[in-house]
Amino acid sequence: MGRDVRPDPEGPVLDVRHTDCDAPIRVVVECSAEHSALTPGDVTARPGPGARPRS
């Protein structure tokens, strides 16, 4: 069963900003070959070496 997560009507609980200019930060996903600004359709998730079958 999933968690019921809803945004707080008063806004986010954490406001992360760049220390030098106070602009909000954004997260950009890129691969190790330096292809940047990847979208969810550009990536594939697969089990890693530490993955174990559920018991």
# chains A, B, ... in the order shown; residues from 1 in each chain; ligands from 1
>>> residues_around(residues="Glu30 of chain A", least_positions_apart="4", cutoff="10 Å", atoms="only C-alpha atoms", output="VMD selection string")
chain A and resid 34 to 39 42 to 43
>>> atom_distance(atom1="atom CA of Val27 of chain A", atom2="atom CA of Pro12 of chain A")
15.9 Å
>>> atom_distance(atom1="atom CA of Asp22 of chain A", atom2="atom CA of Pro9 of chain A")
23.1 Å
>>> residues_around(residues="Val16 of chain A", least_positions_apart="2", cutoff="7 Å", atoms="only C-alpha atoms", output="PyMOL selection string")
chain A and resi 14+24-25
>>> atom_distance(atom1="atom CA of Cys31 of chain A", atom2="atom CA of Pro47 of chain A")
17.2 Å
